[in-house]
file query_7.cif (mmCIF, C-alpha atoms)
data_my_file
#
loop_
_atom_site.label_atom_id
_atom_site.label_comp_id
_atom_site.auth_asym_id
_atom_site.auth_seq_id
_atom_site.Cartn_x
_atom_site.Cartn_y
_atom_site.Cartn_z
CA MET M 1 -51.54 -144.42 -89.93
CA HIS M 2 -53.59 -147.57 -89.55
CA LYS M 3 -56.55 -145.99 -91.38
CA GLY M 4 -54.27 -144.66 -94.10
CA LEU M 5 -52.73 -148.09 -94.71
CA HIS M 6 -56.18 -149.64 -94.77
CA ARG M 7 -57.42 -147.15 -97.37
CA ALA M 8 -54.29 -147.69 -99.47
CA ARG M 9 -54.70 -151.47 -99.33
CA ILE M 10 -58.38 -151.24 -100.33
CA GLY M 11 -57.49 -148.82 -103.13
CA VAL M 12 -54.82 -151.11 -104.56
CA ARG M 13 -57.16 -154.10 -104.35
CA LYS M 14 -59.96 -152.19 -106.08
CA ALA M 15 -57.61 -150.96 -108.79
CA GLY M 16 -56.44 -154.53 -109.40
CA VAL M 17 -59.98 -155.86 -109.63
CA ASP M 18 -61.06 -153.01 -111.94
CA TYR M 19 -58.06 -153.58 -114.17
CA PHE M 20 -58.78 -157.30 -114.42
CA ARG M 21 -62.38 -156.53 -115.32
CA GLY M 22 -61.27 -153.96 -117.87
CA ASP M 23 -62.77 -151.01 -115.98
CA GLY M 24 -59.58 -149.55 -114.58
CA SER M 25 -56.92 -147.23 -115.94
CA ASP M 26 -54.24 -148.50 -118.32
CA ARG M 27 -51.56 -146.15 -116.97
CA PHE M 28 -49.69 -148.93 -115.20
CA ALA M 29 -49.64 -151.03 -118.36
CA LEU M 30 -48.44 -148.03 -120.36
CA ALA M 31 -45.66 -147.33 -117.85
CA ALA M 32 -44.51 -150.97 -117.88
CA LEU M 33 -44.45 -151.11 -121.69
CA LEU M 34 -42.62 -147.78 -121.94
CA LEU M 35 -39.96 -149.18 -119.62
CA ALA M 36 -39.76 -152.37 -121.66
CA ILE M 37 -38.92 -150.51 -124.87
CA PRO M 38 -35.54 -149.07 -123.76
CA ALA M 39 -34.73 -152.39 -122.08
CA ILE M 40 -35.33 -154.24 -125.36
CA ALA M 41 -33.36 -151.61 -127.30
CA ALA M 42 -30.43 -151.93 -124.87
CA GLY M 43 -30.52 -155.71 -125.22
CA THR M 44 -30.53 -155.39 -129.01
CA LEU M 45 -27.51 -153.08 -128.95
CA TRP M 46 -25.67 -155.38 -126.54
CA ARG M 47 -26.47 -158.78 -128.07
CA PRO M 48 -28.22 -158.33 -131.44
CA GLU M 49 -27.72 -162.01 -132.28
CA TRP M 50 -29.91 -162.95 -129.28
CA LEU M 51 -32.37 -160.05 -129.28
CA ALA M 52 -33.16 -159.00 -132.83
CA PRO M 53 -34.30 -155.45 -133.67
CA THR M 54 -37.75 -156.82 -134.52
CA ALA M 55 -38.19 -157.68 -130.82
CA LEU M 56 -39.79 -154.26 -130.47
CA VAL M 57 -42.98 -155.82 -131.83
CA LEU M 58 -43.46 -157.52 -128.44
CA PRO M 59 -44.47 -154.38 -126.50
CA VAL M 60 -46.35 -153.18 -129.59
CA ILE M 61 -48.47 -156.36 -129.59
CA ALA M 62 -49.04 -156.14 -125.85
CA GLY M 63 -50.02 -152.49 -126.22
CA GLY M 64 -52.60 -153.36 -128.87
CA LEU M 65 -54.24 -155.72 -126.39
CA LEU M 66 -53.92 -153.63 -123.24
CA LEU M 67 -53.96 -149.92 -124.07
CA ARG M 68 -56.50 -147.44 -125.24
CA PRO M 69 -55.86 -145.89 -128.67
CA ALA M 70 -54.53 -142.57 -127.29
CA ASN M 71 -51.98 -144.25 -125.01
CA LEU M 72 -51.14 -146.71 -127.75
CA LEU M 73 -49.93 -143.84 -129.94
CA VAL M 74 -47.57 -142.79 -127.13
CA LEU M 75 -46.17 -146.32 -127.07
CA TYR M 76 -45.73 -146.26 -130.84
CA GLY M 77 -43.82 -143.00 -130.58
CA ALA M 78 -41.45 -144.56 -128.05
CA SER M 79 -40.96 -147.60 -130.29
CA ALA M 80 -40.17 -145.39 -133.29
CA ALA M 81 -37.66 -143.44 -131.20
CA ALA M 82 -35.99 -146.71 -130.15
CA LEU M 83 -35.68 -147.75 -133.81
CA VAL M 84 -34.13 -144.40 -134.67
CA VAL M 85 -31.58 -144.72 -131.84
CA GLU M 86 -30.72 -148.29 -132.80
CA SER M 87 -30.31 -147.31 -136.44
CA ALA M 88 -28.01 -144.41 -135.53
CA LEU M 89 -25.80 -146.52 -133.27
CA PHE M 90 -25.65 -149.54 -135.58
CA GLY M 91 -24.93 -147.50 -138.67
CA PRO M 92 -26.21 -148.02 -142.24
CA TYR M 93 -27.95 -151.38 -142.77
CA ASP M 94 -25.80 -152.22 -145.82
CA GLU M 95 -22.57 -152.22 -143.81
CA GLY M 96 -23.10 -155.46 -141.95
CA PRO M 97 -25.58 -157.86 -140.34
CA ASP M 98 -27.85 -157.10 -137.40
CA ARG M 99 -28.59 -153.60 -138.65
CA ILE M 100 -31.95 -151.84 -138.78
CA THR M 101 -33.19 -152.66 -142.27
CA PRO M 102 -36.26 -151.30 -144.07
CA GLY M 103 -37.83 -154.72 -143.49
CA THR M 104 -37.45 -154.30 -139.72
CA VAL M 105 -39.24 -150.96 -139.85
CA LEU M 106 -41.96 -152.43 -142.07
CA VAL M 107 -42.58 -155.35 -139.69
CA VAL M 108 -42.83 -153.13 -136.60
CA ALA M 109 -45.05 -150.62 -138.41
CA SER M 110 -47.36 -153.35 -139.74
CA VAL M 111 -47.80 -154.91 -136.32
CA GLY M 112 -48.46 -151.47 -134.87
CA PHE M 113 -51.09 -150.76 -137.52
CA PHE M 114 -53.01 -153.95 -136.75
CA GLY M 115 -52.64 -153.32 -133.02
CA LEU M 116 -54.21 -149.89 -133.49
CA LEU M 117 -57.14 -151.43 -135.40
CA ILE M 118 -57.69 -153.90 -132.55
CA ALA M 119 -57.53 -151.13 -129.95
CA GLN M 120 -60.01 -148.98 -131.86
CA PHE M 121 -62.39 -151.93 -132.21
CA ARG M 122 -62.22 -152.61 -128.47
CA SER M 123 -62.77 -148.94 -127.73
CA ARG M 124 -65.80 -148.77 -130.03
CA VAL M 125 -67.37 -151.96 -128.70
CA GLY M 126 -66.53 -151.12 -125.11
CA VAL M 127 -65.38 -154.66 -124.24
CA PRO M 128 -61.75 -154.93 -123.07
CA TRP M 129 -59.87 -157.96 -124.28
CA ARG M 130 -59.61 -159.27 -120.72
CA ARG M 131 -63.41 -159.42 -120.54
CA GLY M 132 -64.19 -160.50 -124.10
CA GLY M 133 -63.55 -164.20 -123.55
CA THR M 134 -65.31 -164.15 -120.18
CA MET M 135 -68.37 -162.51 -121.74
CA LEU M 136 -68.57 -165.10 -124.53
CA PHE M 137 -68.18 -167.92 -122.03
CA ASP M 138 -70.95 -166.42 -119.91
CA LEU M 139 -73.24 -166.14 -122.94
CA ARG M 140 -72.61 -169.76 -123.87
CA GLU M 141 -73.37 -170.94 -120.33
CA ARG M 142 -76.57 -168.89 -120.19
CA ILE M 143 -77.79 -170.49 -123.42
CA ARG M 144 -76.90 -173.93 -122.05
CA VAL M 145 -78.73 -173.32 -118.76
CA GLN M 146 -81.79 -171.89 -120.50
CA SER M 147 -81.90 -174.94 -122.79
CA SER M 148 -81.93 -177.43 -119.93
CA LEU M 149 -85.20 -179.26 -119.28
CA PRO M 150 -86.74 -179.55 -115.82
CA LYS M 151 -86.64 -182.83 -113.97
CA LEU M 152 -89.51 -185.11 -114.91
CA PRO M 153 -91.53 -187.30 -112.51
CA PRO M 154 -91.07 -191.09 -112.32
CA GLY M 155 -92.26 -192.80 -115.45
CA TRP M 156 -90.88 -190.11 -117.74
CA HIS M 157 -87.46 -189.15 -119.01
CA HIS M 158 -86.01 -186.92 -121.70
CA GLU M 159 -82.94 -186.87 -123.92
CA MET M 160 -81.66 -183.73 -125.62
CA ALA M 161 -78.66 -182.75 -127.74
CA LEU M 162 -77.71 -179.44 -129.39
CA ARG M 163 -74.96 -179.26 -132.00
CA PRO M 164 -74.02 -175.84 -133.42
CA ALA M 165 -72.86 -175.44 -137.01
CA GLY M 166 -69.16 -175.81 -137.73
CA GLY M 167 -68.30 -177.08 -134.26
CA GLN M 168 -68.85 -173.64 -132.73
CA SER M 169 -70.07 -172.98 -129.20
CA PHE M 170 -73.11 -170.93 -130.20
CA SER M 171 -76.22 -172.07 -131.98
CA GLY M 172 -79.34 -170.62 -133.56
CA ASP M 173 -81.36 -173.54 -132.16
CA PHE M 174 -82.52 -173.38 -128.57
CA VAL M 175 -84.98 -174.96 -126.16
CA VAL M 176 -86.94 -173.39 -123.31
CA ALA M 177 -89.04 -175.49 -120.97
CA SER M 178 -91.10 -175.17 -117.82
CA ARG M 179 -93.38 -177.25 -115.62
CA THR M 180 -96.62 -175.38 -114.94
CA HIS M 181 -100.00 -175.93 -113.24
CA GLY M 182 -98.48 -177.38 -110.12
CA GLY M 183 -95.84 -179.31 -112.04
CA HIS M 184 -98.09 -181.78 -113.87
CA ILE M 185 -97.93 -179.87 -117.19
CA LEU M 186 -94.66 -179.79 -119.13
CA GLU M 187 -94.29 -177.02 -121.70
CA VAL M 188 -91.36 -177.23 -124.13
CA VAL M 189 -90.55 -174.87 -126.98
CA LEU M 190 -87.95 -175.80 -129.61
CA THR M 191 -86.98 -172.86 -131.82
CA ASP M 192 -84.82 -172.53 -134.91
CA VAL M 193 -83.71 -168.94 -135.55
CA SER M 194 -82.92 -167.89 -139.12
CA GLY M 195 -79.21 -168.15 -139.78
CA LYS M 196 -76.78 -170.51 -138.10
CA GLY M 197 -73.91 -170.61 -135.66
CA MET M 198 -72.44 -167.30 -134.53
CA ASP M 199 -74.57 -165.36 -137.03
CA ALA M 200 -77.77 -166.42 -135.24
CA ALA M 201 -76.40 -166.78 -131.69
CA SER M 202 -77.09 -163.22 -130.53
CA ARG M 203 -80.70 -163.34 -131.73
CA ALA M 204 -81.12 -166.83 -130.28
CA LEU M 205 -79.92 -165.60 -126.88
CA LEU M 206 -82.31 -162.65 -126.94
CA LEU M 207 -85.23 -164.81 -128.04
CA SER M 208 -84.51 -167.58 -125.55
CA GLY M 209 -84.67 -165.07 -122.71
CA ALA M 210 -87.90 -163.56 -124.02
CA PHE M 211 -89.50 -166.94 -124.74
CA GLY M 212 -88.47 -168.23 -121.33
CA GLY M 213 -90.28 -165.27 -119.75
CA LEU M 214 -93.41 -165.83 -121.82
CA LEU M 215 -93.54 -169.60 -121.26
CA GLY M 216 -95.73 -170.37 -118.29
CA SER M 217 -96.85 -166.75 -117.96
CA LEU M 218 -99.45 -167.13 -120.70
CA PRO M 219 -102.04 -169.79 -121.52
CA PRO M 220 -100.53 -172.41 -123.87
CA HIS M 221 -102.49 -171.15 -126.87
CA GLY M 222 -101.29 -167.61 -126.22
CA PHE M 223 -97.57 -168.33 -126.33
CA LEU M 224 -96.92 -168.46 -130.09
CA PRO M 225 -99.04 -165.36 -130.86
CA ALA M 226 -97.12 -163.45 -128.17
CA ALA M 227 -93.78 -164.76 -129.49
CA ASN M 228 -94.79 -163.75 -133.01
CA GLY M 229 -95.65 -160.24 -131.86
CA TYR M 230 -92.33 -159.96 -130.03
CA LEU M 231 -90.38 -160.89 -133.16
CA LEU M 232 -92.33 -158.40 -135.27
CA ARG M 233 -91.52 -155.60 -132.81
CA GLN M 234 -87.79 -156.27 -133.16
CA ASP M 235 -87.92 -155.28 -136.84
CA TRP M 236 -84.88 -157.39 -137.72
CA ALA M 237 -83.77 -157.60 -141.34
CA GLU M 238 -83.57 -161.41 -140.95
CA GLY M 239 -85.99 -161.81 -138.09
CA PHE M 240 -88.03 -164.92 -138.69
CA ALA M 241 -87.90 -168.19 -136.77
CA THR M 242 -89.65 -171.55 -136.67
CA SER M 243 -90.90 -172.96 -133.42
CA ILE M 244 -92.79 -175.94 -132.06
CA HIS M 245 -94.58 -175.81 -128.71
CA LEU M 246 -95.35 -178.99 -126.76
CA VAL M 247 -97.89 -178.93 -123.93
CA LEU M 248 -97.78 -182.32 -122.19
CA ASP M 249 -99.90 -183.56 -119.28
CA LEU M 250 -97.50 -185.68 -117.24
CA GLU M 251 -100.35 -187.49 -115.47
CA SER M 252 -102.47 -188.62 -118.41
CA GLY M 253 -99.92 -188.42 -121.25
CA ASP M 254 -102.24 -186.22 -123.34
CA TYR M 255 -100.49 -183.46 -125.27
CA GLU M 256 -100.98 -180.64 -127.73
CA LEU M 257 -98.49 -179.55 -130.37
CA LEU M 258 -98.59 -176.03 -131.78
CA SER M 259 -96.29 -175.25 -134.69
CA ALA M 260 -95.01 -172.03 -136.22
CA GLY M 261 -93.66 -173.20 -139.56
CA HIS M 262 -91.65 -175.92 -137.85
CA LEU M 263 -91.03 -179.48 -138.97
CA PRO M 264 -93.49 -182.07 -137.64
CA ALA M 265 -92.78 -184.02 -134.50
CA LEU M 266 -92.51 -187.81 -134.68
CA GLN M 267 -94.31 -190.13 -132.27
CA LEU M 268 -93.31 -193.73 -131.80
CA SER M 269 -96.23 -195.96 -130.85
CA ALA M 270 -95.06 -198.79 -128.63
CA GLY M 271 -97.97 -200.95 -129.76
CA SER M 272 -97.25 -200.83 -133.49
CA GLY M 273 -93.56 -199.88 -133.43
CA ARG M 274 -94.19 -197.25 -136.12
CA TRP M 275 -93.38 -193.54 -136.24
CA GLU M 276 -96.18 -191.10 -136.98
CA GLU M 277 -95.83 -187.42 -137.91
CA LYS M 278 -97.59 -184.93 -135.63
CA SER M 279 -97.79 -181.31 -136.75
CA GLY M 280 -99.92 -178.30 -135.97
CA GLU M 281 -100.68 -175.56 -138.47
CA GLY M 282 -99.16 -172.10 -138.34
CA PRO M 283 -96.86 -169.68 -140.20
CA LEU M 284 -93.30 -168.69 -139.38
CA LEU M 285 -92.76 -166.41 -136.41
CA GLY M 286 -92.01 -162.80 -137.33
CA VAL M 287 -93.64 -162.79 -140.78
CA TYR M 288 -97.00 -161.09 -140.26
CA ASP M 289 -99.22 -159.99 -137.42
CA GLY M 290 -102.42 -161.75 -136.39
CA ALA M 291 -101.17 -165.24 -137.27
CA GLN M 292 -103.24 -168.23 -136.15
CA PHE M 293 -101.69 -171.40 -134.75
CA ASP M 294 -103.91 -174.50 -134.75
CA PRO M 295 -102.86 -177.36 -132.46
CA VAL M 296 -102.80 -181.08 -133.02
CA LYS M 297 -103.60 -183.41 -130.13
CA GLY M 298 -102.24 -186.79 -129.17
CA THR M 299 -101.44 -189.11 -126.28
CA LEU M 300 -98.20 -190.66 -125.11
CA ARG M 301 -98.95 -194.11 -123.74
CA PRO M 302 -96.48 -196.24 -121.76
CA GLY M 303 -93.55 -197.05 -124.02
CA ASP M 304 -94.27 -194.22 -126.50
CA VAL M 305 -91.65 -191.67 -127.55
CA LEU M 306 -92.08 -188.15 -128.94
CA MET M 307 -89.23 -186.70 -131.01
CA LEU M 308 -88.78 -182.98 -131.74
CA PHE M 309 -85.96 -181.77 -134.01
CA THR M 310 -84.79 -178.93 -136.25
CA ASP M 311 -84.24 -178.96 -140.00
CA GLY M 312 -80.44 -179.19 -139.73
CA LEU M 313 -80.93 -182.79 -138.67
CA VAL M 314 -82.92 -183.96 -141.70
CA GLU M 315 -82.31 -181.44 -144.50
CA SER M 316 -79.17 -180.92 -146.59
CA SER M 317 -78.12 -180.15 -150.13
CA GLU M 318 -77.80 -183.89 -150.81
CA ARG M 319 -81.29 -184.96 -149.65
CA ASP M 320 -84.71 -183.48 -149.05
CA ILE M 321 -86.60 -183.40 -145.78
CA ALA M 322 -88.64 -186.57 -146.44
CA GLU M 323 -85.50 -188.63 -147.04
CA GLY M 324 -83.88 -187.12 -143.96
CA ILE M 325 -86.87 -188.00 -141.78
CA ASP M 326 -86.84 -191.57 -143.11
CA ARG M 327 -83.17 -191.89 -142.27
CA LEU M 328 -83.72 -190.42 -138.80
CA THR M 329 -86.56 -192.82 -137.98
CA GLY M 330 -84.56 -195.73 -139.37
CA GLU M 331 -81.67 -194.93 -137.02
CA ALA M 332 -84.07 -194.34 -134.11
CA ASP M 333 -85.59 -197.81 -134.60
CA ARG M 334 -82.33 -199.29 -133.33
CA TYR M 335 -83.06 -197.91 -129.85
CA VAL M 336 -86.63 -199.19 -129.56
CA THR M 337 -85.70 -202.44 -127.84
CA SER M 338 -82.73 -201.17 -125.79
CA GLY M 339 -84.24 -197.83 -124.74
CA PHE M 340 -83.44 -194.26 -125.72
CA ALA M 341 -81.00 -193.41 -122.93
CA GLY M 342 -78.26 -191.32 -124.52
CA ALA M 343 -79.83 -191.71 -127.94
CA ALA M 344 -80.14 -188.01 -128.84
CA TRP M 345 -76.41 -187.41 -129.21
CA HIS M 346 -75.87 -190.69 -131.06
CA LEU M 347 -78.71 -189.99 -133.49
CA ILE M 348 -77.18 -186.63 -134.44
CA GLU M 349 -73.83 -188.35 -134.93
CA ALA M 350 -75.44 -191.00 -137.13
CA VAL M 351 -77.61 -188.86 -139.42
CA ALA M 352 -76.07 -185.35 -139.40
CA LYS M 353 -72.52 -185.50 -138.08
CA ASP M 354 -70.84 -183.31 -140.71
CA VAL M 355 -73.77 -181.05 -141.64
CA ASN M 356 -72.82 -177.36 -141.60
CA ASP M 357 -76.00 -176.31 -139.83
CA ASP M 358 -77.34 -176.09 -136.30
CA ARG M 359 -78.92 -179.34 -135.12
CA ALA M 360 -81.18 -179.96 -132.15
CA LEU M 361 -82.96 -183.13 -131.10
CA LEU M 362 -85.29 -183.68 -128.14
CA LEU M 363 -86.83 -186.99 -127.04
CA ILE M 364 -89.67 -187.22 -124.51
CA CYS M 365 -90.11 -190.83 -123.40
CA ARG M 366 -92.81 -192.44 -121.30
CA ASP M 367 -91.52 -195.57 -119.64
CA ALA M 368 -93.26 -198.82 -120.36
#

call {"tool": "encode", "arguments": {"input": "query_7.cif", "output": "structure tokens"}}
result
Amino acid sequence: MHKGLHRARIGVRKAGVDYFRGDGSDRFALAALLLAIPAIAAGTLWRPEWLAPTALVLPVIAGGLLLRPANLLVLYGASAAALVVESALFGPYDEGPDRITPGTVLVVASVGFFGLLIAQFRSRVGVPWRRGGTMLFDLRERIRVQSSLPKLPPGWHHEMALRPAGGQSFSGDFVVASRTHGGHILEVVLTDVSGKGMDAASRALLLSGAFGGLLGSLPPHGFLPAANGYLLRQDWAEGFATSIHLVLDLESGDYELLSAGHLPALQLSAGSGRWEEKSGEGPLLGVYDGAQFDPVKGTLRPGDVLMLFTDGLVESSERDIAEGIDRLTGEADRYVTSGFAGAAWHLIEAVAKDVNDDRALLLICRDA
């Protein structure tokens, strides 16, 4: 008896976990909703002024979210039978209020039709509604974690901000970074996938995982050619991306920038207080095979700042890229004397707050 109770307890627990995850049977939900239908019908017959005939849409809506299409049809049959019974007991709808009118039938049928569409979509995708929100949350967190930069040694700090288009949670801009060669080399890749927001989020997630695996596994000059080959193998209809790859020596401050059709980086020289564009040469990723990416070299001295950004920050229908860069550097000049702590988010707010495009900004600062 003890073993039997233990097996029953484990079985109930497993069934509950599977149902929460969306992997279990929907028989219990079907049974509960089938019992709810006669209860609602009885309440309508008893107190129609409190429980209107259209209350039958409640189990229909719940069924659209919980049941598989086959079981949903069973629920719809029970709901139709309840309407028939209510109509017979109430009498013709033109003989008084609280009757079953054609409008009542139309409302219940319309809700049932949309519930069936939802159930068929869930069945085709294979993601139950109870797991859909969890999956999207997990995807968003994975993108956020992959876009975090490693901790830098004393004398260095970074600021980064990502703002998806339209206030969404998913972006076509992403960052992958790694410290290699014993930790004294920082490699950062900022990528802008074609499209924006949710339209580009799935490709951005796939590419961020692939780029994160390539970064640090290849010599710095081999990263962009490998990323370009990966994009070409995907054979996407809209499969291009721009990318900029920073290879920074955290001991000397020397760096190389390799660009794949990306906007130039901007370097602030602490000595002159002026911003200078730094850009390598190279085509977009995913356009043609055998592309060459020529680096540009530079040095970050104490007090210098290197700014990497995507086109959503400086380009819009109202201004071209040159004007956007001028505005960005003008706003960034305000932080030269006070320091750039927290400046990335504020710069996006100042120059591209209401732009309907993904925006990313990264600042690498060497302390004076």

call {"tool": "resolve_selection", "arguments": {"input": "query_7.cif", "expression": "the PyMOL selection byres ((chain M and resi 79) around 9)", "output": "list of chain:residue names"}}
result
M:Leu34, M:Ile37, M:Pro38, M:Leu56, M:Val57, M:Pro59, M:Val60, M:Val74, M:Leu75, M:Tyr76, M:Gly77, M:Ala78, M:Ala80, M:Ala81, M:Ala82, M:Leu83, M:Val84, M:Val108

call {"tool": "resolve_selection", "arguments": {"input": "query_7.cif", "expression": "the PyMOL selection byres ((chain M and resi 350) around 12)", "output": "PDB file with C-alpha atoms, in the frame of the given file"}}
result
ATOM      1  CA  LEU M 313     -80.930-182.790-138.670  1.00  0.00           C
ATOM      2  CA  VAL M 314     -82.920-183.960-141.700  1.00  0.00           C
ATOM      3  CA  GLY M 324     -83.880-187.120-143.960  1.00  0.00           C
ATOM      4  CA  ARG M 327     -83.170-191.890-142.270  1.00  0.00           C
ATOM      5  CA  LEU M 328     -83.720-190.420-138.800  1.00  0.00           C
ATOM      6  CA  THR M 329     -86.560-192.820-137.980  1.00  0.00           C
ATOM      7  CA  GLY M 330     -84.560-195.730-139.370  1.00  0.00           C
ATOM      8  CA  GLU M 331     -81.670-194.930-137.020  1.00  0.00           C
ATOM      9  CA  ALA M 332     -84.070-194.340-134.110  1.00  0.00           C
ATOM     10  CA  ARG M 334     -82.330-199.290-133.330  1.00  0.00           C
ATOM     11  CA  ALA M 343     -79.830-191.710-127.940  1.00  0.00           C
ATOM     12  CA  ALA M 344     -80.140-188.010-128.840  1.00  0.00           C
ATOM     13  CA  TRP M 345     -76.410-187.410-129.210  1.00  0.00           C
ATOM     14  CA  HIS M 346     -75.870-190.690-131.060  1.00  0.00           C
ATOM     15  CA  LEU M 347     -78.710-189.990-133.490  1.00  0.00           C
ATOM     16  CA  ILE M 348     -77.180-186.630-134.440  1.00  0.00           C
ATOM     17  CA  GLU M 349     -73.830-188.350-134.930  1.00  0.00           C
ATOM     18  CA  VAL M 351     -77.610-188.860-139.420  1.00  0.00           C
ATOM     19  CA  ALA M 352     -76.070-185.350-139.400  1.00  0.00           C
ATOM     20  CA  LYS M 353     -72.520-185.500-138.080  1.00  0.00           C
ATOM     21  CA  ASP M 354     -70.840-183.310-140.710  1.00  0.00           C
ATOM     22  CA  VAL M 355     -73.770-181.050-141.640  1.00  0.00           C
TER      23      VAL M 355
END

call {"tool": "closest_residue", "arguments": {"input": "query_7.cif", "among": "M:Thr54, M:Asn71, M:Ser202, M:Thr180", "to": "Val107 of chain M", "atoms": "all atoms listed in the file"}}
result
M:Thr54

call {"tool": "resolve_selection", "arguments": {"input": "query_7.cif", "expression": "the PyMOL selection byres ((chain M and resi 211) around 12)", "output": "ChimeraX atom specification"}}
result
/M:146-147,174-178,187-191,203-210,212-218,222-231,243,245

call {"tool": "residues_around", "arguments": {"input": "query_7.cif", "residues": "segment 155-165 of chain M", "least_positions_apart": "6", "cutoff": "10 Å", "atoms": "all atoms listed in the file", "output": "PyMOL selection string"}}
result
chain M and resi 144+147-149+171-175+196-198+201+250-251+253+302-303+305-310+312-313+340-349+352-368

call {"tool": "write_last_selection", "arguments": {"input": "query_7.cif", "atoms": "C-alpha atoms", "output": "short mmCIF file (atom, residue, chain, number, x, y, z; two decimals), keeping the file's coordinate frame"}}
result
data_model
loop_
_atom_site.label_atom_id
_atom_site.label_comp_id
_atom_site.auth_asym_id
_atom_site.auth_seq_id
_atom_site.Cartn_x
_atom_site.Cartn_y
_atom_site.Cartn_z
CA ARG M 144 -76.90 -173.93 -122.05
CA SER M 147 -81.90 -174.94 -122.79
CA SER M 148 -81.93 -177.43 -119.93
CA LEU M 149 -85.20 -179.26 -119.28
CA SER M 171 -76.22 -172.07 -131.98
CA GLY M 172 -79.34 -170.62 -133.56
CA ASP M 173 -81.36 -173.54 -132.16
CA PHE M 174 -82.52 -173.38 -128.57
CA VAL M 175 -84.98 -174.96 -126.16
CA LYS M 196 -76.78 -170.51 -138.10
CA GLY M 197 -73.91 -170.61 -135.66
CA MET M 198 -72.44 -167.30 -134.53
CA ALA M 201 -76.40 -166.78 -131.69
CA LEU M 250 -97.50 -185.68 -117.24
CA GLU M 251 -100.35 -187.49 -115.47
CA GLY M 253 -99.92 -188.42 -121.25
CA PRO M 302 -96.48 -196.24 -121.76
CA GLY M 303 -93.55 -197.05 -124.02
CA VAL M 305 -91.65 -191.67 -127.55
CA LEU M 306 -92.08 -188.15 -128.94
CA MET M 307 -89.23 -186.70 -131.01
CA LEU M 308 -88.78 -182.98 -131.74
CA PHE M 309 -85.96 -181.77 -134.01
CA THR M 310 -84.79 -178.93 -136.25
CA GLY M 312 -80.44 -179.19 -139.73
CA LEU M 313 -80.93 -182.79 -138.67
CA PHE M 340 -83.44 -194.26 -125.72
CA ALA M 341 -81.00 -193.41 -122.93
CA GLY M 342 -78.26 -191.32 -124.52
CA ALA M 343 -79.83 -191.71 -127.94
CA ALA M 344 -80.14 -188.01 -128.84
CA TRP M 345 -76.41 -187.41 -129.21
CA HIS M 346 -75.87 -190.69 -131.06
CA LEU M 347 -78.71 -189.99 -133.49
CA ILE M 348 -77.18 -186.63 -134.44
CA GLU M 349 -73.83 -188.35 -134.93
CA ALA M 352 -76.07 -185.35 -139.40
CA LYS M 353 -72.52 -185.50 -138.08
CA ASP M 354 -70.84 -183.31 -140.71
CA VAL M 355 -73.77 -181.05 -141.64
CA ASN M 356 -72.82 -177.36 -141.60
CA ASP M 357 -76.00 -176.31 -139.83
CA ASP M 358 -77.34 -176.09 -136.30
CA ARG M 359 -78.92 -179.34 -135.12
CA ALA M 360 -81.18 -179.96 -132.15
CA LEU M 361 -82.96 -183.13 -131.10
CA LEU M 362 -85.29 -183.68 -128.14
CA LEU M 363 -86.83 -186.99 -127.04
CA ILE M 364 -89.67 -187.22 -124.51
CA CYS M 365 -90.11 -190.83 -123.40
CA ARG M 366 -92.81 -192.44 -121.30
CA ASP M 367 -91.52 -195.57 -119.64
CA ALA M 368 -93.26 -198.82 -120.36
#

call {"tool": "atom_distance", "arguments": {"input": "query_7.cif", "atom1": "atom CA of Leu35 of chain M", "atom2": "atom CA of Ala62 of chain M"}}
result
13.0 Å

call {"tool": "closest_residue", "arguments": {"input": "query_7.cif", "among": "M:Leu72, M:Ala237, M:Ala55, M:Met1", "to": "Ser194 of chain M", "atoms": "only C-alpha atoms"}}
result
M:Ala237

call {"tool": "atom_distance", "arguments": {"input": "query_7.cif", "atom1": "atom CA of Ala241 of chain M", "atom2": "atom CA of Ile321 of chain M"}}
result
17.7 Å

call {"tool": "atom_distance", "arguments": {"input": "query_7.cif", "atom1": "atom CA of Gln292 of chain M", "atom2": "atom CA of Gly261 of chain M"}}
result
11.3 Å

call {"tool": "residues_around", "arguments": {"input": "query_7.cif", "residues": "Gly239 of chain M", "least_positions_apart": "6", "cutoff": "10 Å", "atoms": "only C-alpha atoms", "output": "ChimeraX atom specification"}}
result
/M:193-195,200,203,231-233,285-287

call {"tool": "closest_residue", "arguments": {"input": "query_7.cif", "among": "M:Trp46, M:Leu248, M:Phe240, M:Gly282", "to": "Ala260 of chain M", "atoms": "all atoms listed in the file"}}
result
M:Gly282

call {"tool": "decode", "arguments": {"input": "query_7.cif", "residues": "segment 89-94 of chain M", "atoms": "N, CA and C atoms", "output": "short mmCIF file (atom, residue, chain, number, x, y, z; two decimals), in the first residue's frame"}}
result
data_model
loop_
_atom_site.label_atom_id
_atom_site.label_comp_id
_atom_site.auth_asym_id
_atom_site.auth_seq_id
_atom_site.Cartn_x
_atom_site.Cartn_y
_atom_site.Cartn_z
N LEU M 89 -36.17 26.06 -23.54
CA LEU M 89 -36.83 26.33 -22.27
C LEU M 89 -37.27 27.79 -22.13
N PHE M 90 -36.49 28.70 -22.73
CA PHE M 90 -36.88 30.12 -22.67
C PHE M 90 -38.02 30.44 -23.62
N GLY M 91 -38.10 29.75 -24.71
CA GLY M 91 -39.10 30.05 -25.72
C GLY M 91 -38.57 31.00 -26.77
N PRO M 92 -39.41 31.38 -27.74
CA PRO M 92 -38.97 32.27 -28.83
C PRO M 92 -38.40 33.59 -28.29
N TYR M 93 -37.33 34.10 -28.97
CA TYR M 93 -36.63 35.28 -28.48
C TYR M 93 -37.46 36.54 -28.59
N ASP M 94 -38.53 36.54 -29.41
CA ASP M 94 -39.34 37.75 -29.58
C ASP M 94 -40.50 37.82 -28.60
#
